[in-house]
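Enquirer: For reference, this is final_23.csv, and it has CSV, C-alpha atoms.
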chain,number,residue,atom,x,y,z
A,1060,MET,CA,199.5,154.8,104.6
A,1061,PRO,CA,203.0,155.1,106.1
A,1062,LEU,CA,203.6,154.1,109.7
A,1063,ASP,CA,202.5,156.8,112.1
A,1064,PRO,CA,203.9,156.2,115.6
A,1065,ALA,CA,202.5,159.6,116.8
A,1066,ARG,CA,199.0,158.2,116.1
A,1067,THR,CA,199.6,155.4,118.5
A,1068,VAL,CA,200.5,157.8,121.3
A,1069,ALA,CA,197.4,159.9,120.5
A,1070,GLU,CA,195.2,156.8,120.6
A,1071,LEU,CA,196.6,155.7,123.9
A,1072,LYS,CA,195.7,159.1,125.3
A,1073,GLU,CA,192.2,158.7,123.8
A,1074,LEU,CA,191.8,155.3,125.5
A,1075,ARG,CA,193.0,156.8,128.8
A,1076,GLN,CA,190.4,159.5,128.6
A,1077,LEU,CA,187.7,157.0,127.7
A,1078,THR,CA,188.4,154.3,130.3
A,1079,GLY,CA,190.3,156.1,133.1
A,1080,ASP,CA,189.6,158.5,135.9
A,1081,GLU,CA,191.6,160.7,138.3
A,1082,ASN,CA,193.0,157.5,139.9
A,1083,GLY,CA,194.2,155.9,136.7
A,1084,SER,CA,193.1,153.2,134.2
A,1085,GLN,CA,190.0,151.2,135.1
A,1086,ARG,CA,189.9,148.5,132.4
A,1087,VAL,CA,189.6,145.5,134.7
A,1088,ALA,CA,188.8,142.4,132.7
A,1089,TRP,CA,185.2,141.1,132.7
A,1090,THR,CA,183.8,144.6,133.5
A,1091,ASP,CA,181.7,147.0,131.4
A,1092,THR,CA,184.7,149.4,131.1
A,1093,TRP,CA,186.8,146.6,129.7
A,1094,ALA,CA,184.1,145.8,127.2
A,1095,THR,CA,183.9,149.5,126.2
A,1096,ALA,CA,187.7,149.4,125.5
A,1097,ARG,CA,187.3,146.3,123.3
A,1098,GLU,CA,184.5,148.1,121.3
A,1099,TRP,CA,186.8,151.1,120.9
A,1100,LEU,CA,189.6,148.8,119.7
A,1101,ARG,CA,187.2,147.2,117.2
A,1102,ALA,CA,186.5,150.6,115.7
A,1103,LYS,CA,190.2,151.5,115.4
A,1104,VAL,CA,190.9,148.3,113.4
A,1105,SER,CA,188.0,148.9,111.1
A,1106,GLY,CA,189.1,149.8,107.6
A,1107,THR,CA,192.2,147.8,107.6
A,1108,GLY,CA,190.6,144.8,106.0
A,1109,ALA,CA,191.2,142.6,109.0
A,1110,HIS,CA,188.3,140.6,110.3
A,1111,GLU,CA,187.5,140.1,114.0
A,1112,GLU,CA,186.9,137.0,116.0
A,1113,ILE,CA,186.3,136.4,119.7
A,1114,ASP,CA,187.5,133.0,120.7
A,1115,GLU,CA,186.2,130.6,123.4
A,1116,ALA,CA,188.4,132.2,126.1
A,1117,GLY,CA,187.4,135.8,125.2
A,1118,ASN,CA,190.5,136.7,123.3
A,1119,GLN,CA,189.9,139.3,120.6
A,1120,TRP,CA,191.6,138.5,117.3
A,1121,PHE,CA,192.0,140.7,114.2
A,1122,THR,CA,193.2,138.8,111.1
A,1123,LEU,CA,194.6,140.2,107.9
A,1124,ASP,CA,194.8,137.4,105.4
A,1125,GLY,CA,198.1,136.9,103.7
A,1126,ALA,CA,199.5,134.8,100.8
A,1127,SER,CA,199.9,131.9,103.3
A,1128,ASP,CA,197.6,130.6,106.0
A,1129,ARG,CA,200.6,130.5,108.3
A,1130,ALA,CA,200.3,133.5,110.7
A,1131,LEU,CA,202.6,136.0,112.4
A,1132,LEU,CA,201.0,137.1,115.7
A,1133,LEU,CA,201.4,140.5,117.4
A,1134,GLY,CA,199.6,141.2,120.6
A,1135,GLY,CA,199.1,142.4,124.1
A,1136,HIS,CA,196.2,143.1,126.5
A,1137,ILE,CA,193.9,146.0,126.9
A,1138,ASP,CA,192.8,145.1,130.4
A,1139,SER,CA,194.4,146.9,133.3
A,1140,VAL,CA,194.7,146.6,137.1
A,1141,PRO,CA,192.4,149.0,139.1
A,1142,ASN,CA,193.9,152.5,139.2
A,1143,GLY,CA,196.5,151.3,136.7
A,1144,GLY,CA,198.8,153.0,134.2
A,1145,TRP,CA,198.0,154.3,130.7
A,1146,LEU,CA,200.5,152.0,128.9
A,1147,ASP,CA,200.7,148.6,130.5
A,1148,GLY,CA,199.3,146.1,128.0
A,1149,CYS,CA,197.5,148.6,125.7
A,1150,LEU,CA,200.7,150.0,124.2
A,1151,ASN,CA,201.3,146.5,122.9
A,1152,VAL,CA,197.9,146.3,121.2
A,1153,MET,CA,197.9,149.8,119.8
A,1154,ALA,CA,201.4,149.6,118.4
A,1155,ALA,CA,200.4,146.3,116.8
A,1156,VAL,CA,197.4,147.9,115.3
A,1157,GLU,CA,199.6,150.6,113.8
A,1158,VAL,CA,201.9,148.0,112.3
A,1159,LEU,CA,198.8,146.2,110.9
A,1160,ARG,CA,197.6,149.4,109.2
A,1161,ARG,CA,200.9,149.8,107.5
A,1162,ILE,CA,201.0,146.2,106.3
A,1163,ALA,CA,197.4,146.4,105.0
A,1164,GLU,CA,198.1,149.5,103.0
A,1165,GLU,CA,201.0,147.8,101.2
A,1166,GLY,CA,198.9,144.9,99.9
A,1167,LYS,CA,198.7,141.2,100.8
A,1168,PRO,CA,201.5,140.2,103.2
A,1169,PRO,CA,203.5,136.9,102.6
A,1170,LEU,CA,202.0,135.5,105.8
A,1171,THR,CA,198.7,136.1,107.5
A,1172,VAL,CA,199.1,138.8,110.2
A,1173,ARG,CA,197.0,138.6,113.3
A,1174,VAL,CA,196.7,141.1,116.2
A,1175,VAL,CA,195.4,139.6,119.5
A,1176,ASN,CA,194.0,141.3,122.5
A,1177,TRP,CA,194.4,138.7,125.2
A,1178,ALA,CA,191.6,138.4,127.7
A,1179,ASP,CA,192.4,139.1,131.4
A,1180,GLU,CA,196.2,139.2,131.4
A,1181,GLU,CA,196.2,140.9,134.8
A,1182,GLY,CA,193.9,138.7,136.8
A,1183,ALA,CA,192.9,141.8,138.8
A,1184,ARG,CA,189.3,140.8,139.5
A,1185,PHE,CA,189.6,137.1,140.3
A,1186,GLY,CA,193.4,136.7,140.9
A,1187,ARG,CA,194.0,134.4,137.9
A,1188,SER,CA,196.5,136.1,135.6
A,1189,LEU,CA,197.1,135.1,131.9
A,1190,PHE,CA,193.6,133.7,131.5
A,1191,GLY,CA,193.2,134.0,127.8
A,1192,SER,CA,196.7,133.2,126.7
A,1193,SER,CA,197.0,130.2,128.9
A,1194,ALA,CA,193.7,128.8,127.4
A,1195,ALA,CA,195.0,129.4,123.9
A,1196,ALA,CA,198.4,127.9,124.8
A,1197,GLY,CA,196.7,124.8,126.2
A,1198,SER,CA,198.4,125.2,129.6
A,1199,MET,CA,195.3,126.1,131.6
A,1200,ALA,CA,194.7,123.1,133.9
A,1201,ASP,CA,193.0,124.7,136.9
A,1202,GLN,CA,189.3,124.9,135.8
A,1203,ASP,CA,188.1,123.1,138.9
A,1204,GLU,CA,189.8,125.7,141.1
A,1205,LEU,CA,188.7,128.6,138.9
A,1206,ARG,CA,185.0,127.6,139.3
A,1207,GLN,CA,185.4,128.4,143.0
A,1208,ARG,CA,186.9,131.8,142.6
A,1209,ARG,CA,184.9,134.9,143.7
A,1210,ASP,CA,185.5,138.6,143.3
A,1211,ALA,CA,185.3,141.1,146.1
A,1212,ASN,CA,181.5,141.2,145.7
A,1213,GLY,CA,181.1,137.4,145.9
A,1214,ILE,CA,180.5,137.0,142.1
A,1215,ALA,CA,181.7,133.7,140.8
A,1216,LEU,CA,184.3,133.7,138.0
A,1217,PRO,CA,182.2,131.5,135.7
A,1218,ASP,CA,179.2,133.8,136.1
A,1219,ALA,CA,181.3,136.9,135.2
A,1220,LEU,CA,182.7,135.1,132.2
A,1221,ARG,CA,179.3,134.1,131.0
A,1222,GLU,CA,178.2,137.8,131.0
A,1223,HIS,CA,180.9,138.3,128.4
A,1224,GLY,CA,180.1,135.2,126.3
A,1225,VAL,CA,182.7,132.9,127.7
A,1226,ASP,CA,182.0,129.4,129.0
A,1227,LEU,CA,184.9,128.4,131.4
A,1228,ASP,CA,184.4,124.7,130.5
A,1229,ASN,CA,185.0,125.4,126.8
A,1230,ALA,CA,187.8,127.9,127.2
A,1231,LEU,CA,190.5,125.5,126.1
A,1232,ALA,CA,188.9,125.3,122.6
A,1233,ALA,CA,190.8,128.6,122.0
A,1234,ARG,CA,193.8,126.4,121.3
A,1235,LYS,CA,192.9,126.2,117.6
A,1236,GLN,CA,193.9,129.9,117.3
A,1237,LEU,CA,197.6,129.0,117.6
A,1238,GLU,CA,197.5,126.1,115.1
A,1239,ASN,CA,199.0,128.1,112.2
A,1240,ALA,CA,201.1,130.5,114.2
A,1241,THR,CA,204.8,130.8,113.1
A,1242,ALA,CA,205.9,133.4,115.6
A,1243,TYR,CA,204.6,135.8,118.3
A,1244,LEU,CA,205.9,139.4,118.8
A,1245,GLU,CA,205.1,141.6,121.8
A,1246,LEU,CA,206.0,145.1,122.8
A,1247,HIS,CA,205.7,146.1,126.4
A,1248,ILE,CA,206.8,148.8,128.8
A,1249,GLU,CA,209.7,147.5,131.0
A,1250,GLN,CA,207.9,148.1,134.3
A,1251,GLY,CA,211.3,148.4,135.9
A,1252,PRO,CA,214.3,150.8,136.2
A,1253,VAL,CA,217.0,149.0,134.2
A,1254,LEU,CA,216.7,150.8,130.8
A,1255,GLU,CA,216.3,154.2,132.4
A,1256,SER,CA,219.3,153.6,134.6
A,1257,MET,CA,221.3,152.8,131.4
A,1258,ASP,CA,219.8,155.8,129.5
A,1259,LEU,CA,218.5,153.5,126.8
A,1260,PRO,CA,215.0,153.7,125.3
A,1261,LEU,CA,214.6,150.0,124.2
A,1262,GLY,CA,215.8,146.5,125.0
A,1263,VAL,CA,215.3,142.9,124.0
A,1264,VAL,CA,213.7,140.5,126.5
A,1265,LEU,CA,215.6,137.2,126.9
A,1266,GLY,CA,212.7,135.5,128.6
A,1267,THR,CA,210.5,135.6,131.8
A,1268,PHE,CA,211.7,134.7,135.2
A,1269,GLY,CA,210.9,131.4,136.8
A,1270,VAL,CA,209.2,131.8,140.2
A,1271,GLU,CA,209.4,129.9,143.5
A,1272,ARG,CA,206.8,131.1,146.0
A,1273,HIS,CA,206.6,129.6,149.5
A,1274,LEU,CA,204.8,129.9,152.8
A,1275,ILE,CA,207.4,129.5,155.6
A,1276,THR,CA,206.0,128.8,159.0
A,1277,TRP,CA,208.1,129.5,162.1
A,1278,THR,CA,206.9,127.9,165.4
A,1279,GLY,CA,208.1,129.1,168.8
A,1280,GLN,CA,206.4,129.5,172.1
A,1281,ALA,CA,204.0,132.3,173.3
A,1282,ALA,CA,205.2,133.8,176.5
A,1283,HIS,CA,204.6,136.9,178.6
A,1284,ALA,CA,206.4,139.9,177.2
A,1285,GLY,CA,207.2,141.2,180.6
A,1286,SER,CA,208.3,138.2,182.5
A,1287,THR,CA,210.3,136.2,179.9
A,1288,PRO,CA,214.0,137.0,179.8
A,1289,MET,CA,215.4,137.7,176.3
A,1290,ASP,CA,217.7,134.6,176.4
A,1291,LYS,CA,214.8,132.3,177.3
A,1292,ARG,CA,212.5,133.3,174.5
A,1293,ARG,CA,211.5,131.1,171.5
A,1294,ASP,CA,210.5,134.0,169.3
A,1295,ALA,CA,209.1,132.8,165.9
A,1296,LEU,CA,209.4,136.3,164.5
A,1297,ALA,CA,213.1,136.4,165.1
A,1298,GLY,CA,213.7,133.6,162.7
A,1299,ALA,CA,211.5,135.2,160.0
A,1300,ALA,CA,213.2,138.6,160.5
A,1301,LYS,CA,216.6,137.0,160.1
A,1302,LEU,CA,215.6,135.3,156.9
A,1303,ALA,CA,214.0,138.5,155.5
A,1304,LEU,CA,217.4,140.1,155.7
A,1305,GLU,CA,219.4,137.1,154.6
A,1306,ILE,CA,217.6,136.8,151.3
A,1307,ARG,CA,219.4,140.0,150.2
A,1308,PRO,CA,223.0,138.6,150.4
A,1309,ILE,CA,221.6,135.3,149.0
A,1310,ALA,CA,220.3,137.1,145.9
A,1311,ALA,CA,223.6,139.0,145.6
A,1312,GLU,CA,225.6,135.7,145.8
A,1313,VAL,CA,223.5,134.0,143.1
A,1314,GLY,CA,223.5,137.1,140.9
A,1315,ASP,CA,222.6,137.5,137.3
A,1316,GLY,CA,219.4,139.4,138.1
A,1317,ALA,CA,218.2,137.2,141.1
A,1318,VAL,CA,215.5,138.7,143.2
A,1319,CYS,CA,214.0,137.6,146.5
A,1320,THR,CA,211.1,139.2,148.3
A,1321,SER,CA,209.7,138.5,151.8
A,1322,GLY,CA,206.3,140.0,151.0
A,1323,GLY,CA,204.5,139.5,154.3
A,1324,VAL,CA,204.7,138.1,157.8
A,1325,VAL,CA,201.6,137.2,159.9
A,1326,CYS,CA,202.3,136.8,163.6
A,1327,LYS,CA,200.3,135.0,166.2
A,1328,PRO,CA,199.0,135.7,168.8
A,1329,GLY,CA,199.8,139.1,167.3
A,1330,ILE,CA,199.6,141.1,170.5
A,1331,VAL,CA,202.2,143.4,172.0
A,1332,THR,CA,202.3,141.6,175.4
A,1333,SER,CA,203.3,138.2,174.0
A,1334,VAL,CA,206.3,136.7,172.4
A,1335,VAL,CA,205.4,135.5,168.9
A,1336,GLU,CA,204.4,131.8,168.8
A,1337,THR,CA,204.0,131.4,165.1
A,1338,ALA,CA,205.1,133.6,162.2
A,1339,GLU,CA,203.9,132.8,158.7
A,1340,GLN,CA,206.2,134.3,156.1
A,1341,LEU,CA,205.7,134.6,152.4
A,1342,LEU,CA,208.8,134.3,150.2
A,1343,ASP,CA,209.0,135.0,146.4
A,1344,GLN,CA,212.2,134.1,144.5
A,1345,ARG,CA,212.8,134.7,140.8
A,1346,HIS,CA,215.5,134.0,138.2
A,1347,LEU,CA,215.8,133.4,134.5
A,1348,ASP,CA,218.2,130.4,135.0
A,1349,PRO,CA,216.4,127.3,136.4
A,1350,ALA,CA,219.6,126.1,138.1
A,1351,LYS,CA,220.1,129.4,139.8
A,1352,LEU,CA,216.5,129.6,140.8
A,1353,ALA,CA,216.9,126.2,142.5
A,1354,LEU,CA,220.1,127.5,144.2
A,1355,LEU,CA,218.2,130.5,145.5
A,1356,LEU,CA,215.7,128.2,147.1
A,1357,GLY,CA,218.3,125.9,148.5
A,1358,LEU,CA,220.3,128.6,150.1
A,1359,ALA,CA,217.2,130.1,151.7
A,1360,LYS,CA,216.2,126.8,153.1
A,1361,GLU,CA,219.6,126.2,154.5
A,1362,ALA,CA,219.6,129.7,156.1
A,1363,SER,CA,216.1,129.0,157.7
A,1364,VAL,CA,217.4,125.9,159.4
A,1365,ARG,CA,220.3,127.7,160.7
A,1366,PHE,CA,218.2,130.5,162.1
A,1367,ALA,CA,215.7,128.1,163.6
A,1368,GLY,CA,218.5,126.6,165.6
A,1369,GLU,CA,219.8,129.9,166.7
A,1370,GLU,CA,216.4,131.0,167.9
A,1371,ASN,CA,215.3,127.6,169.3
A,1372,VAL,CA,212.2,127.5,167.1
A,1373,GLU,CA,211.0,125.2,164.3
A,1374,VAL,CA,210.6,126.0,160.7
A,1375,SER,CA,208.7,124.4,157.8
A,1376,TRP,CA,208.2,125.2,154.1
A,1377,GLU,CA,205.1,124.8,151.9
A,1378,ARG,CA,205.3,125.6,148.2
A,1379,ILE,CA,202.4,127.9,147.2
A,1380,TRP,CA,203.2,128.2,143.5
A,1381,ASN,CA,206.0,127.9,141.0
A,1382,ILE,CA,206.7,128.3,137.3
A,1383,GLU,CA,209.7,127.4,135.3
A,1384,PRO,CA,211.7,130.1,133.5
A,1385,ILE,CA,210.6,130.7,129.9
A,1386,LEU,CA,213.3,131.5,127.4
A,1387,PHE,CA,212.5,133.4,124.2
A,1388,ASP,CA,213.5,132.3,120.7
A,1389,THR,CA,217.2,133.0,120.0
A,1390,SER,CA,216.7,133.8,116.3
A,1391,LEU,CA,213.9,136.3,117.1
A,1392,ILE,CA,216.1,137.8,119.9
A,1393,GLU,CA,218.7,138.6,117.2
A,1394,LEU,CA,216.1,140.1,114.9
A,1395,ALA,CA,214.7,142.2,117.7
A,1396,ASP,CA,218.2,143.4,118.6
A,1397,GLU,CA,218.8,144.4,115.0
A,1398,SER,CA,215.5,146.2,114.8
A,1399,ILE,CA,216.2,148.2,118.0
A,1400,ARG,CA,219.7,149.2,116.9
A,1401,GLU,CA,218.3,150.3,113.5
A,1402,VAL,CA,215.9,152.8,115.2
A,1403,SER,CA,217.7,153.9,118.3
A,1404,GLY,CA,221.4,153.0,117.8
A,1405,THR,CA,221.9,150.9,120.9
A,1406,SER,CA,220.2,147.8,122.4
A,1407,HIS,CA,220.4,145.9,125.6
A,1408,ARG,CA,219.3,142.4,126.5
A,1409,LEU,CA,217.5,141.8,129.8
A,1410,PRO,CA,215.1,139.4,131.5
A,1411,SER,CA,211.5,140.1,132.5
A,1412,GLY,CA,210.6,139.8,136.2
A,1413,PRO,CA,206.9,140.1,135.6
A,1414,LEU,CA,205.0,137.4,133.7
A,1415,HIS,CA,203.5,138.2,130.3
A,1416,ASP,CA,201.1,136.5,127.8
A,1417,ALA,CA,204.3,136.0,125.7
A,1418,ALA,CA,205.5,133.4,128.2
A,1419,GLU,CA,202.4,131.3,127.7
A,1420,VAL,CA,202.7,131.5,123.9
A,1421,ALA,CA,206.4,130.5,124.2
A,1422,ARG,CA,205.5,127.7,126.5
A,1423,SER,CA,203.2,126.3,123.7
A,1424,GLY,CA,206.3,126.0,121.4
A,1425,ILE,CA,205.7,129.0,119.2
A,1426,PRO,CA,208.9,131.1,118.6
A,1427,THR,CA,208.4,134.2,120.7
A,1428,VAL,CA,210.2,137.5,121.6
A,1429,MET,CA,209.4,140.7,123.5
A,1430,VAL,CA,210.7,144.2,123.1
A,1431,PHE,CA,210.8,146.5,126.2
A,1432,VAL,CA,210.6,150.3,126.1
A,1433,GLN,CA,211.9,152.3,129.0
A,1434,SER,CA,209.6,153.1,132.0
A,1435,LEU,CA,210.2,156.3,133.8
A,1436,ARG,CA,211.2,155.7,137.4
A,1437,GLY,CA,210.5,152.0,136.8
A,1438,LEU,CA,206.9,152.5,137.9
A,1439,SER,CA,203.9,150.5,136.7
A,1440,HIS,CA,200.5,149.4,138.0
A,1441,THR,CA,200.0,153.0,139.1
A,1442,LYS,CA,198.6,156.2,137.6
A,1443,LEU,CA,202.2,157.5,137.8
A,1444,GLU,CA,203.3,154.9,135.1
A,1445,ASP,CA,204.9,156.8,132.2
A,1446,THR,CA,207.3,156.7,129.3
A,1447,LYS,CA,208.6,159.5,127.2
A,1448,GLU,CA,206.5,160.0,124.1
A,1449,ALA,CA,209.7,160.0,121.9
A,1450,HIS,CA,210.5,156.6,123.3
A,1451,LEU,CA,207.0,155.3,122.7
A,1452,GLU,CA,207.3,156.3,119.1
A,1453,LEU,CA,210.6,154.6,118.8
A,1454,SER,CA,209.1,151.5,120.2
A,1455,VAL,CA,206.4,151.4,117.5
A,1456,ARG,CA,209.1,151.8,114.9
A,1457,ALA,CA,211.1,149.0,116.4
A,1458,LEU,CA,208.1,146.7,116.5
A,1459,ASP,CA,207.4,147.6,112.8
A,1460,ARG,CA,211.0,146.7,111.8
A,1461,LEU,CA,210.9,143.5,113.8
A,1462,THR,CA,207.6,142.6,112.1
A,1463,THR,CA,209.1,143.1,108.7
A,1464,LYS,CA,212.1,141.0,109.5
A,1465,ALA,CA,209.9,138.2,110.9
A,1466,LEU,CA,207.7,138.2,107.9
A,1467,GLU,CA,210.8,137.8,105.7
A,1468,ALA,CA,212.3,135.1,108.0
A,1469,TYR,CA,209.2,132.9,108.3
A,1470,ALA,CA,207.7,133.4,104.8
As structure tokens, how would this structure be written, given the file I've shared?
Expert:
Amino acid sequence: MPLDPARTVAELKELRQLTGDENGSQRVAWTDTWATAREWLRAKVSGTGAHEEIDEAGNQWFTLDGASDRALLLGGHIDSVPNGGWLDGCLNVMAAVEVLRRIAEEGKPPLTVRVVNWADEEGARFGRSLFGSSAAAGSMADQDELRQRRDANGIALPDALREHGVDLDNALAARKQLENATAYLELHIEQGPVLESMDLPLGVVLGTFGVERHLITWTGQAAHAGSTPMDKRRDALAGAAKLALEIRPIAAEVGDGAVCTSGGVVCKPGIVTSVVETAEQLLDQRHLDPAKLALLLGLAKEASVRFAGEENVEVSWERIWNIEPILFDTSLIELADESIREVSGTSHRLPSGPLHDAAEVARSGIPTVMVFVQSLRGLSHTKLEDTKEAHLELSVRALDRLTTKALEAYA
């Protein structure tokens, strides 16, 4: 059975029809719709000779035995955000299934080939992304906090997991799934505008951005909006507003893909007749280079102190969350670059701003790489998410070439 990329596109449309509605995809993890999608996937793999296993974290594995127990992994996630797109995550899985079909038809591969559908990459229901991959990678260390998580209806995370056969306290036992892994390959839509702006269908991902996320609290003095002269005000919002604009030139100064986002400001007392006494500002900063990520943070802190002095207010910083940059394997990057050039003529290397399951696998020490396919208008996590069908088919071919090269390299 030769590789049939058009079948992948047809199956993605079938999945969209099965698990979506007029608002987009509805395959939120730990829901009935998500379970329906996993059953559908099981049927698609049937007939390849691969056997299925659900691990302790809910990850769905399909294993095609090879001449060696050492395994090449291909994967993605079939769960979506509410009202999501038709490609995010599920393209990865269905392209991998098509590659698996081709390999199975040709006989026993030199390595065992495993396709994984990671459980709850999005974290859409309980706010905990990369659940299944972090458990398998052994990096999950927040079970105590996860026990307290509730969804919008007040249902506890452990209870929702239990409905799908997963015991939170035993999730880390999924680590055994990676014991024989030699490499991990993942295809994904870019979810950004870079490839489209360059008129390129495909690119190689260098790694995932590190993230610094902080809550910045500006403290001034509430005062009557009518009787307080402008030069006598201690306006907390003024400091936050200055920083929100300053992070743009800071990102430009650091460069190499640096991004900074002031994603929200909450003002108190929050009434139109009072000068703002406190402003709580959220700041997200991302970079692929750890030194430049630290520089982004340092420059923002310096600017905040300067603005606090100018506005006669106080400023304090509290780290909410951070993650180190994850760099992908240089040898696999070269193989991916070759594969893309063979199917489309030109390749481009770029970082990933969003996090992916691949980052967790790479963190565990397994050689990892990702391939991006162009996203129209750079949109994702919306029903408007789209990619040209010709580019989708090219991406399946690129993943297939990369898989062949990886099997040869690691055999």
Enquirer: What would the list of residues within 10 Å of (205.3, 140.9, 158.9) (file frame) look like as a PyMOL selection string, if only C-alpha atoms are what count?
Expert: chain A and resi 1296+1299-1300+1303+1321-1326+1338-1341
Enquirer: Counting all atoms listed in the file, find residues at most 12 Å from (212.9, 148.1, 123.7) (file frame) and give them as a VMD selection string.
Expert: chain A and resid 1151 1245 to 1250 1253 to 1255 1258 to 1265 1392 1395 to 1411 1428 to 1434 1446 1450 to 1458 1461
Enquirer: Would you mind reading off the distance between atom CA of A:Ala1317 and atom CA of A:Glu1383, one decimal, in Å?
Expert: 14.2 Å
Enquirer: Do you know which residues are at most 9 Å from stretch 1075-1088 of chain A counting all atoms listed in the file, after dropping those on the same chain fewer than 2 positions away, and could you put them as a PDB file with C-alpha atoms, in the frame of the given file?
Expert:
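Writing the result to selection-v7.pdb gives the following:
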ATOM      1  CA  GLU A1070     195.200 156.800 120.600  1.00  0.00           C
ATOM      2  CA  LEU A1071     196.600 155.700 123.900  1.00  0.00           C
ATOM      3  CA  LYS A1072     195.700 159.100 125.300  1.00  0.00           C
ATOM      4  CA  GLU A1073     192.200 158.700 123.800  1.00  0.00           C
ATOM      5  CA  THR A1090     183.800 144.600 133.500  1.00  0.00           C
ATOM      6  CA  ASP A1091     181.700 147.000 131.400  1.00  0.00           C
ATOM      7  CA  THR A1092     184.700 149.400 131.100  1.00  0.00           C
ATOM      8  CA  TRP A1093     186.800 146.600 129.700  1.00  0.00           C
ATOM      9  CA  ALA A1094     184.100 145.800 127.200  1.00  0.00           C
ATOM     10  CA  THR A1095     183.900 149.500 126.200  1.00  0.00           C
ATOM     11  CA  ALA A1096     187.700 149.400 125.500  1.00  0.00           C
ATOM     12  CA  ILE A1137     193.900 146.000 126.900  1.00  0.00           C
ATOM     13  CA  ASP A1138     192.800 145.100 130.400  1.00  0.00           C
ATOM     14  CA  SER A1139     194.400 146.900 133.300  1.00  0.00           C
ATOM     15  CA  VAL A1140     194.700 146.600 137.100  1.00  0.00           C
ATOM     16  CA  PRO A1141     192.400 149.000 139.100  1.00  0.00           C
ATOM     17  CA  ASN A1142     193.900 152.500 139.200  1.00  0.00           C
ATOM     18  CA  GLY A1143     196.500 151.300 136.700  1.00  0.00           C
ATOM     19  CA  GLY A1144     198.800 153.000 134.200  1.00  0.00           C
ATOM     20  CA  TRP A1145     198.000 154.300 130.700  1.00  0.00           C
ATOM     21  CA  LEU A1146     200.500 152.000 128.900  1.00  0.00           C
ATOM     22  CA  ALA A1178     191.600 138.400 127.700  1.00  0.00           C
ATOM     23  CA  ASP A1179     192.400 139.100 131.400  1.00  0.00           C
ATOM     24  CA  GLU A1180     196.200 139.200 131.400  1.00  0.00           C
ATOM     25  CA  GLU A1181     196.200 140.900 134.800  1.00  0.00           C
ATOM     26  CA  GLY A1182     193.900 138.700 136.800  1.00  0.00           C
ATOM     27  CA  ALA A1183     192.900 141.800 138.800  1.00  0.00           C
ATOM     28  CA  ARG A1184     189.300 140.800 139.500  1.00  0.00           C
ATOM     29  CA  THR A1441     200.000 153.000 139.100  1.00  0.00           C
ATOM     30  CA  LYS A1442     198.600 156.200 137.600  1.00  0.00           C
ATOM     31  CA  LEU A1443     202.200 157.500 137.800  1.00  0.00           C
TER      32      LEU A1443
END
Enquirer: From the options A:Leu1189, A:Met1289, A:Val1372, A:Ala1362, which residue's atoms come nearest to A:Pro1413, counting only C-alpha atoms?
Expert: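 Of the candidates, the smallest distance to A:Pro1413 is held by A:Leu1189.
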Enquirer: Please provide the set of residues having any atom within 12 Å of A:Ser1105, restricted to all atoms listed in the file, with same-chain residues fewer than 4 positions apart removed, written as a list in words.
Expert: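 Skipping anything fewer than 4 positions along the chain leaves Glu1098, Trp1099, Leu1100, Arg1101, Ala1109, His1110, Glu1111, Phe1121, Thr1122, Leu1123, Val1156, Leu1159, Arg1160 and Ala1163 of chain A.
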Enquirer: I'd like to know which of A:Asp1203, A:Asp1343, A:Asp1218, A:Asp1290 is closest to A:Thr1320, using all atoms listed in the file.
Expert: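 Among A:Asp1203, A:Asp1343, A:Asp1218, A:Asp1290, it is A:Asp1343 that comes nearest to A:Thr1320.
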Enquirer: Pick from A:Gly1108, A:Ala1418, A:His1283, A:Val1335: nearest to A:Glu1164, with only C-alpha atoms counted?
Expert: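 Result for the nearest residue to A:Glu1164: A:Gly1108.
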Enquirer: Quick one: residues within 10 Å of A:Val1225, all atoms listed in the file counted, chain neighbours fewer than 3 positions away excluded, as an mmCIF file with C-alpha atoms, in the coordinates of the input?
Expert:
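So out_14.cif came out as:
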data_model
loop_
_atom_site.group_PDB
_atom_site.id
_atom_site.type_symbol
_atom_site.label_atom_id
_atom_site.label_comp_id
_atom_site.auth_asym_id
_atom_site.auth_seq_id
_atom_site.Cartn_x
_atom_site.Cartn_y
_atom_site.Cartn_z
ATOM 1 C CA TRP A 1089 185.200 141.100 132.700
ATOM 2 C CA ILE A 1113 186.300 136.400 119.700
ATOM 3 C CA ASP A 1114 187.500 133.000 120.700
ATOM 4 C CA GLU A 1115 186.200 130.600 123.400
ATOM 5 C CA ALA A 1116 188.400 132.200 126.100
ATOM 6 C CA GLY A 1117 187.400 135.800 125.200
ATOM 7 C CA ASN A 1118 190.500 136.700 123.300
ATOM 8 C CA PRO A 1217 182.200 131.500 135.700
ATOM 9 C CA ASP A 1218 179.200 133.800 136.100
ATOM 10 C CA ALA A 1219 181.300 136.900 135.200
ATOM 11 C CA LEU A 1220 182.700 135.100 132.200
ATOM 12 C CA ARG A 1221 179.300 134.100 131.000
ATOM 13 C CA GLU A 1222 178.200 137.800 131.000
ATOM 14 C CA ASP A 1228 184.400 124.700 130.500
ATOM 15 C CA ASN A 1229 185.000 125.400 126.800
ATOM 16 C CA ALA A 1230 187.800 127.900 127.200
#
Enquirer: Could you please determine the separation between atom CA of A:Ala1297 and atom CA of A:Leu1358 in Å, to one decimal place?
Expert: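 Value for the atom CA of A:Ala1297-atom CA of A:Leu1358 distance: 18.4 Å.
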